[in-house]
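> Following this line is protein_23.csv, made up of CSV, C-alpha atoms:
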```csv
chain,number,residue,atom,x,y,z
A,951,GLY,CA,49.4,-46.1,48.0
A,952,SER,CA,52.0,-44.4,50.1
A,953,GLY,CA,55.7,-44.5,50.7
A,954,PRO,CA,58.6,-44.2,48.2
A,955,ASP,CA,57.7,-43.9,44.5
A,956,VAL,CA,57.6,-46.9,42.2
A,957,VAL,CA,57.0,-46.2,38.5
A,958,LEU,CA,55.7,-48.9,36.1
A,959,PHE,CA,56.4,-48.7,32.4
A,960,HIS,CA,54.1,-50.9,30.3
A,961,GLY,CA,54.8,-53.1,27.2
A,962,GLY,CA,54.2,-52.5,23.5
A,963,MET,CA,50.7,-52.3,22.2
A,964,GLY,CA,49.8,-51.9,25.9
A,965,CYS,CA,48.9,-49.3,28.6
A,966,ARG,CA,48.8,-49.1,32.4
A,967,LYS,CA,46.4,-52.0,32.4
A,968,HIS,CA,49.4,-54.3,31.8
A,969,TRP,CA,50.0,-53.8,35.6
A,970,ILE,CA,46.4,-54.4,36.7
A,971,ARG,CA,47.5,-57.4,39.0
A,972,ASN,CA,50.5,-55.6,40.4
A,973,ILE,CA,49.4,-52.2,41.4
A,974,GLY,CA,47.4,-53.2,44.4
A,975,PRO,CA,50.1,-55.4,46.1
A,976,LEU,CA,52.9,-52.8,45.3
A,977,SER,CA,50.7,-50.0,46.7
A,978,GLU,CA,50.6,-51.6,50.1
A,979,HIS,CA,54.2,-50.5,50.5
A,980,TYR,CA,54.8,-47.8,47.9
A,981,THR,CA,53.3,-45.0,46.0
A,982,VAL,CA,52.7,-46.6,42.6
A,983,HIS,CA,52.6,-44.6,39.3
A,984,ALA,CA,51.4,-46.8,36.4
A,985,LEU,CA,51.8,-44.6,33.4
A,986,ASP,CA,50.3,-44.6,29.9
A,987,HIS,CA,53.2,-43.8,27.6
A,988,PRO,CA,52.7,-41.1,25.0
A,989,ALA,CA,50.3,-42.3,22.3
A,990,TYR,CA,49.1,-45.2,24.5
A,991,GLY,CA,46.0,-45.6,26.6
A,992,GLU,CA,44.7,-42.2,27.5
A,993,SER,CA,47.9,-40.3,26.7
A,994,ALA,CA,48.1,-37.7,23.9
A,995,ILE,CA,49.1,-38.8,20.4
A,996,VAL,CA,52.5,-38.2,18.9
A,997,PRO,CA,53.4,-37.5,15.3
A,998,ARG,CA,53.2,-40.7,13.3
A,999,ASP,CA,56.7,-40.3,11.9
A,1000,MET,CA,58.3,-39.7,15.3
A,1001,SER,CA,61.6,-41.6,15.6
A,1002,GLY,CA,62.5,-43.9,18.5
A,1003,ALA,CA,65.1,-41.4,19.7
A,1004,ASP,CA,62.7,-38.5,19.6
A,1005,TYR,CA,60.1,-40.6,21.4
A,1006,LEU,CA,62.5,-41.3,24.3
A,1007,ASP,CA,63.3,-37.6,24.5
A,1008,LEU,CA,59.6,-36.9,24.8
A,1009,VAL,CA,59.1,-39.5,27.5
A,1010,TYR,CA,62.1,-38.0,29.4
A,1011,ASP,CA,60.9,-34.4,29.1
A,1012,THR,CA,57.4,-35.4,30.2
A,1013,PHE,CA,58.7,-37.5,33.0
A,1014,LEU,CA,60.7,-34.6,34.5
A,1015,LYS,CA,57.6,-32.5,34.6
A,1016,ARG,CA,55.7,-35.2,36.4
A,1017,PHE,CA,58.5,-36.1,38.8
A,1018,PRO,CA,60.4,-32.9,39.6
A,1019,GLY,CA,63.0,-32.7,42.3
A,1020,GLU,CA,65.5,-35.3,43.6
A,1021,ALA,CA,63.3,-37.9,45.4
A,1022,PRO,CA,64.5,-41.4,44.8
A,1023,LEU,CA,62.7,-43.6,42.3
A,1024,ARG,CA,62.2,-47.3,41.8
A,1025,PHE,CA,61.4,-48.5,38.3
A,1026,ALA,CA,59.8,-51.6,36.7
A,1027,GLY,CA,59.7,-51.9,33.0
A,1028,PHE,CA,58.0,-54.6,30.9
A,1029,SER,CA,59.2,-55.4,27.3
A,1030,PHE,CA,59.0,-52.0,25.4
A,1031,GLY,CA,58.6,-50.4,28.8
A,1032,GLY,CA,61.9,-52.0,29.9
A,1033,ALA,CA,63.7,-50.2,27.2
A,1034,ILE,CA,62.1,-47.0,28.2
A,1035,ALA,CA,62.7,-47.5,32.0
A,1036,ALA,CA,66.4,-48.3,31.3
A,1037,ASN,CA,66.8,-45.2,29.2
A,1038,MET,CA,65.2,-43.1,31.9
A,1039,ALA,CA,67.4,-44.6,34.6
A,1040,ALA,CA,70.5,-43.9,32.6
A,1041,ARG,CA,69.5,-40.3,32.2
A,1042,LEU,CA,68.4,-39.8,35.8
A,1043,GLY,CA,71.5,-41.3,37.2
A,1044,GLY,CA,71.6,-41.8,41.0
A,1045,ARG,CA,68.1,-40.7,41.5
A,1046,VAL,CA,66.9,-44.2,40.3
A,1047,THR,CA,67.8,-46.7,43.0
A,1048,HIS,CA,66.3,-49.9,41.6
A,1049,LEU,CA,65.4,-51.1,38.1
A,1050,CYS,CA,63.4,-54.3,37.6
A,1051,LEU,CA,63.3,-55.4,33.9
A,1052,ILE,CA,60.6,-57.9,32.9
A,1053,SER,CA,61.3,-59.6,29.6
A,1054,THR,CA,62.9,-56.4,28.5
A,1055,ALA,CA,63.2,-55.1,25.0
A,1056,GLY,CA,65.7,-52.5,23.7
A,1057,LEU,CA,68.4,-54.9,22.4
A,1058,PRO,CA,69.7,-54.4,18.9
A,1059,ALA,CA,67.2,-55.7,16.3
A,1060,LYS,CA,67.9,-59.3,15.1
A,1061,THR,CA,66.0,-61.5,12.6
A,1062,TYR,CA,64.4,-64.4,14.3
A,1063,ALA,CA,61.7,-66.8,13.1
A,1064,ARG,CA,58.5,-65.1,12.0
A,1065,ARG,CA,55.8,-64.7,14.7
A,1066,PRO,CA,52.6,-66.6,13.8
A,1067,THR,CA,50.4,-63.7,14.7
A,1068,ARG,CA,47.2,-62.5,12.9
A,1069,SER,CA,46.5,-59.0,11.8
A,1070,TYR,CA,44.0,-57.0,13.8
A,1071,LYS,CA,43.0,-55.1,10.7
A,1072,SER,CA,41.7,-58.3,9.2
A,1073,ALA,CA,38.7,-58.2,11.6
A,1074,ASP,CA,37.4,-55.4,9.5
A,1075,GLY,CA,34.8,-54.3,12.1
A,1076,ASP,CA,33.7,-57.8,13.1
A,1077,GLU,CA,33.9,-57.6,16.9
A,1078,ALA,CA,33.8,-61.4,17.5
A,1079,LEU,CA,36.6,-61.9,15.0
A,1080,PHE,CA,38.6,-59.1,16.5
A,1081,ARG,CA,38.4,-60.7,20.0
A,1082,ASP,CA,39.4,-64.0,18.5
A,1083,ILE,CA,42.5,-62.4,17.0
A,1084,CYS,CA,43.2,-60.8,20.4
A,1085,ARG,CA,43.0,-64.3,22.0
A,1086,HIS,CA,45.2,-65.9,19.3
A,1087,ASN,CA,47.9,-63.2,19.5
A,1088,LEU,CA,47.9,-63.2,23.3
A,1089,LEU,CA,48.7,-67.0,23.2
A,1090,VAL,CA,51.4,-66.5,20.6
A,1091,ASN,CA,53.2,-63.5,22.3
A,1092,MET,CA,52.1,-63.0,25.8
A,1093,LEU,CA,50.5,-66.0,27.7
A,1094,SER,CA,51.5,-69.6,28.0
A,1095,HIS,CA,48.1,-71.2,28.9
A,1096,PRO,CA,44.8,-71.0,27.1
A,1097,GLU,CA,43.0,-70.6,30.4
A,1098,SER,CA,45.0,-67.4,31.0
A,1099,ALA,CA,43.2,-65.7,28.1
A,1100,THR,CA,40.0,-65.0,30.0
A,1101,GLU,CA,37.3,-62.6,28.7
A,1102,GLU,CA,38.7,-60.0,31.1
A,1103,THR,CA,42.2,-60.5,29.7
A,1104,ILE,CA,40.8,-60.1,26.1
A,1105,ASP,CA,39.1,-56.9,27.2
A,1106,ILE,CA,42.4,-55.5,28.3
A,1107,GLN,CA,44.1,-56.6,25.1
A,1108,ALA,CA,41.3,-55.1,22.9
A,1109,TYR,CA,41.5,-51.8,24.8
A,1110,CYS,CA,45.3,-51.7,24.4
A,1111,VAL,CA,45.2,-52.4,20.7
A,1112,ARG,CA,42.6,-49.8,20.0
A,1113,HIS,CA,44.5,-47.2,22.0
A,1114,THR,CA,48.0,-47.8,20.5
A,1115,ARG,CA,49.1,-44.9,18.2
A,1116,PHE,CA,52.9,-45.4,18.1
A,1117,ASN,CA,55.0,-48.2,16.7
A,1118,SER,CA,56.8,-49.5,19.8
A,1119,ARG,CA,59.3,-51.4,17.6
A,1120,LYS,CA,61.1,-48.1,17.0
A,1121,VAL,CA,62.2,-48.3,20.7
A,1122,SER,CA,62.0,-52.1,21.3
A,1123,GLY,CA,64.4,-52.8,18.5
A,1124,GLY,CA,66.3,-49.6,18.7
A,1125,GLY,CA,69.3,-51.0,20.4
A,1126,THR,CA,69.4,-48.5,23.3
A,1127,LEU,CA,69.5,-51.0,26.1
A,1128,PRO,CA,73.2,-52.0,26.1
A,1129,ALA,CA,74.5,-48.4,26.3
A,1130,ASP,CA,71.8,-47.6,29.0
A,1131,LEU,CA,72.7,-50.6,31.1
A,1132,ALA,CA,76.4,-49.7,30.9
A,1133,LYS,CA,75.7,-46.2,32.2
A,1134,MET,CA,73.5,-47.2,35.1
A,1135,THR,CA,74.5,-47.3,38.8
A,1136,CYS,CA,71.3,-48.6,40.3
A,1137,LYS,CA,70.5,-52.1,41.5
A,1138,LEU,CA,69.2,-54.3,38.6
A,1139,ARG,CA,67.0,-57.4,38.7
A,1140,VAL,CA,65.7,-59.2,35.6
A,1141,LEU,CA,62.6,-61.3,35.5
A,1142,TRP,CA,61.8,-63.6,32.5
A,1143,GLY,CA,58.9,-66.0,32.1
A,1144,GLU,CA,60.1,-69.6,31.9
A,1145,LYS,CA,57.9,-70.1,28.8
A,1146,ASP,CA,58.9,-66.8,27.2
A,1147,ASP,CA,61.3,-68.7,24.9
A,1148,SER,CA,60.5,-69.5,21.3
A,1149,PRO,CA,62.1,-69.4,17.8
A,1150,HIS,CA,60.7,-65.9,17.4
A,1151,SER,CA,61.9,-64.8,20.8
A,1152,PRO,CA,64.8,-66.9,22.1
A,1153,ALA,CA,65.4,-66.2,25.8
A,1154,ALA,CA,69.0,-67.6,25.9
A,1155,ASP,CA,70.2,-65.2,23.2
A,1156,LYS,CA,68.6,-62.1,24.8
A,1157,LEU,CA,69.8,-63.0,28.3
A,1158,ASP,CA,73.3,-63.7,27.0
A,1159,GLN,CA,73.3,-60.2,25.5
A,1160,ILE,CA,72.3,-58.6,28.8
A,1161,ARG,CA,74.9,-60.7,30.7
A,1162,ALA,CA,77.6,-59.5,28.3
A,1163,ILE,CA,76.9,-56.0,29.5
A,1164,VAL,CA,76.3,-56.3,33.2
A,1165,GLY,CA,78.2,-59.5,34.1
A,1166,ASP,CA,76.6,-61.3,37.1
A,1167,LEU,CA,72.9,-61.1,36.5
A,1168,ASP,CA,70.2,-61.1,39.2
A,1169,LEU,CA,67.9,-63.2,37.0
A,1170,HIS,CA,64.7,-65.0,38.0
A,1171,ARG,CA,62.7,-67.2,35.6
A,1172,ILE,CA,59.0,-67.0,36.4
A,1173,PRO,CA,57.3,-70.4,36.3
A,1174,ASN,CA,54.0,-71.0,34.4
A,1175,ALA,CA,54.3,-67.7,32.5
A,1176,ARG,CA,55.3,-66.4,29.1
A,1177,HIS,CA,56.1,-62.8,28.1
A,1178,TRP,CA,53.4,-61.1,30.2
A,1179,SER,CA,54.5,-62.8,33.4
A,1180,ALA,CA,53.5,-59.9,35.6
A,1181,TYR,CA,49.9,-60.8,34.7
A,1182,GLU,CA,50.0,-64.5,34.2
A,1183,ASN,CA,51.9,-65.3,37.4
A,1184,ALA,CA,51.4,-62.0,39.3
A,1185,PRO,CA,51.9,-63.5,42.8
A,1186,GLU,CA,55.5,-64.6,42.0
A,1187,VAL,CA,56.4,-61.4,40.1
A,1188,ASN,CA,54.9,-59.2,42.9
A,1189,ARG,CA,56.9,-61.2,45.5
A,1190,LEU,CA,60.1,-60.7,43.6
A,1191,MET,CA,59.5,-57.0,42.9
A,1192,LEU,CA,58.7,-56.3,46.5
A,1193,GLU,CA,61.8,-58.3,47.7
A,1194,PHE,CA,63.9,-56.3,45.3
A,1195,PHE,CA,62.5,-52.9,46.0
A,1196,ASN,CA,62.8,-53.4,49.7
A,1197,ALA,CA,66.5,-54.4,49.5
```
Could the structure of this file be written out as structure tokens, please?


Amino acid sequence: GSGPDVVLFHGGMGCRKHWIRNIGPLSEHYTVHALDHPAYGESAIVPRDMSGADYLDLVYDTFLKRFPGEAPLRFAGFSFGGAIAANMAARLGGRVTHLCLISTAGLPAKTYARRPTRSYKSADGDEALFRDICRHNLLVNMLSHPESATEETIDIQAYCVRHTRFNSRKVSGGGTLPADLAKMTCKLRVLWGEKDDSPHSPAADKLDQIRAIVGDLDLHRIPNARHWSAYENAPEVNRLMLEFFNA
């Protein structure tokens, strides 16, 4: 697209394809940069034992090389990418004007109920079983309706799983978000799927933690969507992101 820069940070076990339904509408108004984080998608691998703090340092150093200068930036971060986007915004200071967090991670790790997911390794080379596991895990973690898990959606998930080479939990559960939010001066909007609420991921607890840091919260619950609301209800998320970035 063209216009001011918007940078999109994808979720854990993901890649730029997490934003496949958002890039087009955003690019009608902005220059959109949908990144593959280090060790995701087509990006280079990182050392297996890299810590979460070192990973964020790497993202920051790489980001500065790609976005030199002082041009203003608008950020959107999903889940794991929310923790990264907030950390980058805290480091970049006034250069980041807007931060939209979508079901963000980065809060201190807590023990919730066990997620009823299945191991991808258990497919053991069986492609049909692997895709069935992808569908199952999408409906546990990411999507609220079985009809949302189309073959195209499973294609995206399968690609993302096979191109993930870093444990996002080192950042997602690293607890960096509170300090980063406290440092930021940019506008903040939080989007959260209405159905992104379960014993293994309680929305009220996470949103209360964010409110405790920022006070009044520009929060919008996305109807008919779970965690991956930017995909499952893209029209509403696109509307809210454009409204926010234009403010």

> Rounded to one decimal in Å, what is the spacing between atom CA of A:Leu1169 and atom CA of A:Pro1185?

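These two atoms are separated by 17.0 Å.
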
> Report as a compact mmCIF listing (two decimals) with C-alpha atoms, in the frame of the given file all protein, DNA and RNA residues lying within 10 Å of A:Phe959, evaluated on only C-alpha atoms, omitting residues in the same chain fewer than 5 positions from it.


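Once everything was written out, this is selection.txt:
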```txt
# COMPACT_ATOMS: atom_id res chain seq x y z
CA GLY A 964 49.80 -51.90 25.90
CA CYS A 965 48.90 -49.30 28.60
CA ARG A 966 48.80 -49.10 32.40
CA HIS A 968 49.40 -54.30 31.80
CA TRP A 969 50.00 -53.80 35.60
CA HIS A 983 52.60 -44.60 39.30
CA ALA A 984 51.40 -46.80 36.40
CA LEU A 985 51.80 -44.60 33.40
CA ASP A 986 50.30 -44.60 29.90
CA HIS A 987 53.20 -43.80 27.60
CA PHE A 1025 61.40 -48.50 38.30
CA ALA A 1026 59.80 -51.60 36.70
CA GLY A 1027 59.70 -51.90 33.00
CA PHE A 1028 58.00 -54.60 30.90
CA SER A 1029 59.20 -55.40 27.30
CA PHE A 1030 59.00 -52.00 25.40
CA GLY A 1031 58.60 -50.40 28.80
CA GLY A 1032 61.90 -52.00 29.90
CA ALA A 1033 63.70 -50.20 27.20
CA ILE A 1034 62.10 -47.00 28.20
CA ALA A 1035 62.70 -47.50 32.00
CA LEU A 1051 63.30 -55.40 33.90
```

> Pick the closest to A:Pro1149 from A:Ala1063, A:Ala1129, A:Val957, A:Ile1052: which is it, counting all atoms listed in the file?

A:Ala1063

> Using all atoms listed in the file, find each residue in stretch 955-1067 of chain A having at least one atom no more than 10 Å away from stretch 1159-1163 of chain A; report its shortest atom-to-atom pair and that distance in Å (one decimal), rows by chain then rising number, as CSV.


```
residue,atom,partner,partner_atom,distance
A:Thr1054,CA,A:Ile1160,CA,9.7
A:Leu1057,CA,A:Gln1159,CA,7.9
A:Pro1058,CA,A:Gln1159,CA,9.5
```

> Hey, which of A:Thr1047, A:Thr1103, A:Thr1126, A:Ser952 ends up closest to A:Glu1020? Count only C-alpha atoms.

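Ranking A:Thr1047, A:Thr1103, A:Thr1126, A:Ser952 by distance to A:Glu1020, first place goes to A:Thr1047.
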
> Enumerate, as an mmCIF file with C-alpha atoms, keeping the file's coordinate frame, the protein, DNA and RNA residues whose atoms approach (64.7, -56.5, 37.8) to within 6 Å, taking into account only C-alpha atoms and the coordinate frame of the file.


```
data_model
loop_
_atom_site.group_PDB
_atom_site.id
_atom_site.type_symbol
_atom_site.label_atom_id
_atom_site.label_comp_id
_atom_site.auth_asym_id
_atom_site.auth_seq_id
_atom_site.Cartn_x
_atom_site.Cartn_y
_atom_site.Cartn_z
ATOM 1 C CA LEU A 1049 65.400 -51.100 38.100
ATOM 2 C CA CYS A 1050 63.400 -54.300 37.600
ATOM 3 C CA LEU A 1051 63.300 -55.400 33.900
ATOM 4 C CA LEU A 1138 69.200 -54.300 38.600
ATOM 5 C CA ARG A 1139 67.000 -57.400 38.700
ATOM 6 C CA VAL A 1140 65.700 -59.200 35.600
ATOM 7 C CA LEU A 1141 62.600 -61.300 35.500
#
```

> Interatomic distance between atom CA of A:Ile970 and atom CA of A:Ile1106?

9.4 Å

> Please measure the separation of atom CA of A:Met963 and atom CA of A:Tyr1109, giving the value in Å to one decimal.

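According to the coordinates, atom CA of A:Met963 and atom CA of A:Tyr1109 are separated by 9.6 Å.
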
> Just want the 9 Å neighbourhood of A:Ala1153, counted on all atoms listed in the file, with same-chain residues fewer than 6 positions away dropped. Output as a list in words.

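Near neighbours after the sequence-gap exclusion: Ser1053, Trp1142, Glu1144, Lys1145, Asp1146 and Asp1147 of chain A.
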
> Pick out the residues sitting within 10 Å of A:Asn1117, and hand them over as a list in words; count all atoms listed in the file, and ignore anything fewer than 2 positions along from it in its own chain.

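Neighbouring residues, sequence-local ones excluded: Gly962, Met963, Ala989, Arg998, Asp999, Met1000, Ser1001, Gly1002, Thr1114, Arg1115, Arg1119, Lys1120, Val1121 and Ser1122 of chain A.
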
> Can you list, as a short mmCIF file (atom, residue, chain, number, x, y, z; two decimals) with C-alpha atoms, in the frame of the given file, every protein, DNA or RNA residue that comes within 12 Å of A:Asn1196 when you count all atoms listed in the file, leaving out same-chain residues fewer than 4 positions away?


```cif
data_model
loop_
_atom_site.label_atom_id
_atom_site.label_comp_id
_atom_site.auth_asym_id
_atom_site.auth_seq_id
_atom_site.Cartn_x
_atom_site.Cartn_y
_atom_site.Cartn_z
CA GLY A 953 55.70 -44.50 50.70
CA PRO A 954 58.60 -44.20 48.20
CA ASP A 955 57.70 -43.90 44.50
CA VAL A 956 57.60 -46.90 42.20
CA LEU A 976 52.90 -52.80 45.30
CA HIS A 979 54.20 -50.50 50.50
CA TYR A 980 54.80 -47.80 47.90
CA ARG A 1024 62.20 -47.30 41.80
CA THR A 1047 67.80 -46.70 43.00
CA HIS A 1048 66.30 -49.90 41.60
CA LYS A 1137 70.50 -52.10 41.50
CA ASN A 1188 54.90 -59.20 42.90
CA ARG A 1189 56.90 -61.20 45.50
CA LEU A 1190 60.10 -60.70 43.60
CA MET A 1191 59.50 -57.00 42.90
CA LEU A 1192 58.70 -56.30 46.50
#
```

> Out of A:Asn972, A:Ser1094, A:Ser1072, A:Thr1135, which residue has the shortest atom-to-atom distance to A:Gly1043 when counting all atoms listed in the file?

A:Thr1135

> Restricting the calculation to only C-alpha atoms: of A:Met1134, A:Leu1167, A:Ala1059, A:Leu1088, which residue gets closest to A:Cys1110?

A:Leu1088

> What lies within 7 Å of A:Arg1081 using all atoms listed in the file, ignoring chain neighbours under 4 positions off, as a PyMOL selection string?

chain A and resi 1077+1085+1104+1108

> Scan for residues within 10 Å of the point (43.8, -43.9, 18.7) in the coordinates of the file, using only C-alpha atoms, and reply as a PDB file with C-alpha atoms, keeping the file's coordinate frame.


```
ATOM      1  CA  ALA A 989      50.300 -42.300  22.300  1.00  0.00           C
ATOM      2  CA  TYR A 990      49.100 -45.200  24.500  1.00  0.00           C
ATOM      3  CA  GLY A 991      46.000 -45.600  26.600  1.00  0.00           C
ATOM      4  CA  GLU A 992      44.700 -42.200  27.500  1.00  0.00           C
ATOM      5  CA  SER A 993      47.900 -40.300  26.700  1.00  0.00           C
ATOM      6  CA  ALA A 994      48.100 -37.700  23.900  1.00  0.00           C
ATOM      7  CA  ILE A 995      49.100 -38.800  20.400  1.00  0.00           C
ATOM      8  CA  CYS A1110      45.300 -51.700  24.400  1.00  0.00           C
ATOM      9  CA  VAL A1111      45.200 -52.400  20.700  1.00  0.00           C
ATOM     10  CA  ARG A1112      42.600 -49.800  20.000  1.00  0.00           C
ATOM     11  CA  HIS A1113      44.500 -47.200  22.000  1.00  0.00           C
ATOM     12  CA  THR A1114      48.000 -47.800  20.500  1.00  0.00           C
ATOM     13  CA  ARG A1115      49.100 -44.900  18.200  1.00  0.00           C
ATOM     14  CA  PHE A1116      52.900 -45.400  18.100  1.00  0.00           C
TER      15      PHE A1116
END
```

> For A:Val1046, which of A:Ala1175, A:Phe1195, A:Lys967, A:Arg1064 is the closest residue, counting all atoms listed in the file?

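Smallest separation from A:Val1046 among the options: A:Phe1195.
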
> Please rebuild stretch 1107-1122 of chain A with N, CA and C atoms and return the result as a PDB file, keeping the file's coordinate frame.


```pdb
ATOM      1  N   GLN A1107      43.383 -56.561  26.319  1.00  0.00           N
ATOM      2  CA  GLN A1107      44.100 -56.600  25.100  1.00  0.00           C
ATOM      3  C   GLN A1107      43.369 -55.719  23.999  1.00  0.00           C
ATOM      4  N   ALA A1108      42.056 -55.871  23.917  1.00  0.00           N
ATOM      5  CA  ALA A1108      41.300 -55.100  22.900  1.00  0.00           C
ATOM      6  C   ALA A1108      41.398 -53.618  23.176  1.00  0.00           C
ATOM      7  N   TYR A1109      41.314 -53.205  24.442  1.00  0.00           N
ATOM      8  CA  TYR A1109      41.500 -51.800  24.800  1.00  0.00           C
ATOM      9  C   TYR A1109      42.853 -51.301  24.370  1.00  0.00           C
ATOM     10  N   CYS A1110      43.879 -52.073  24.726  1.00  0.00           N
ATOM     11  CA  CYS A1110      45.300 -51.700  24.400  1.00  0.00           C
ATOM     12  C   CYS A1110      45.494 -51.523  22.934  1.00  0.00           C
ATOM     13  N   VAL A1111      45.029 -52.499  22.163  1.00  0.00           N
ATOM     14  CA  VAL A1111      45.200 -52.400  20.700  1.00  0.00           C
ATOM     15  C   VAL A1111      44.566 -51.199  20.140  1.00  0.00           C
ATOM     16  N   ARG A1112      43.364 -50.905  20.599  1.00  0.00           N
ATOM     17  CA  ARG A1112      42.600 -49.800  20.000  1.00  0.00           C
ATOM     18  C   ARG A1112      43.141 -48.420  20.519  1.00  0.00           C
ATOM     19  N   HIS A1113      43.983 -48.418  21.523  1.00  0.00           N
ATOM     20  CA  HIS A1113      44.500 -47.200  22.000  1.00  0.00           C
ATOM     21  C   HIS A1113      46.043 -47.092  21.856  1.00  0.00           C
ATOM     22  N   THR A1114      46.558 -47.816  20.869  1.00  0.00           N
ATOM     23  CA  THR A1114      48.000 -47.800  20.500  1.00  0.00           C
ATOM     24  C   THR A1114      48.129 -46.912  19.254  1.00  0.00           C
ATOM     25  N   ARG A1115      48.953 -45.835  19.359  1.00  0.00           N
ATOM     26  CA  ARG A1115      49.100 -44.900  18.200  1.00  0.00           C
ATOM     27  C   ARG A1115      50.576 -44.576  17.972  1.00  0.00           C
ATOM     28  N   PHE A1116      51.460 -45.494  18.380  1.00  0.00           N
ATOM     29  CA  PHE A1116      52.900 -45.400  18.100  1.00  0.00           C
ATOM     30  C   PHE A1116      53.448 -46.752  17.902  1.00  0.00           C
ATOM     31  N   ASN A1117      54.397 -46.890  16.974  1.00  0.00           N
ATOM     32  CA  ASN A1117      55.000 -48.200  16.700  1.00  0.00           C
ATOM     33  C   ASN A1117      56.135 -48.433  17.699  1.00  0.00           C
ATOM     34  N   SER A1118      55.862 -49.270  18.681  1.00  0.00           N
ATOM     35  CA  SER A1118      56.800 -49.500  19.800  1.00  0.00           C
ATOM     36  C   SER A1118      58.119 -50.131  19.266  1.00  0.00           C
ATOM     37  N   ARG A1119      58.094 -50.750  18.077  1.00  0.00           N
ATOM     38  CA  ARG A1119      59.300 -51.400  17.600  1.00  0.00           C
ATOM     39  C   ARG A1119      60.434 -50.374  17.346  1.00  0.00           C
ATOM     40  N   LYS A1120      60.081 -49.118  17.172  1.00  0.00           N
ATOM     41  CA  LYS A1120      61.100 -48.100  17.000  1.00  0.00           C
ATOM     42  C   LYS A1120      61.990 -47.976  18.244  1.00  0.00           C
ATOM     43  N   VAL A1121      61.428 -48.311  19.399  1.00  0.00           N
ATOM     44  CA  VAL A1121      62.200 -48.300  20.700  1.00  0.00           C
ATOM     45  C   VAL A1121      62.595 -49.731  21.034  1.00  0.00           C
ATOM     46  N   SER A1122      61.674 -50.672  20.910  1.00  0.00           N
ATOM     47  CA  SER A1122      62.000 -52.100  21.300  1.00  0.00           C
ATOM     48  C   SER A1122      63.146 -52.636  20.568  1.00  0.00           C
TER      49      SER A1122
END
```
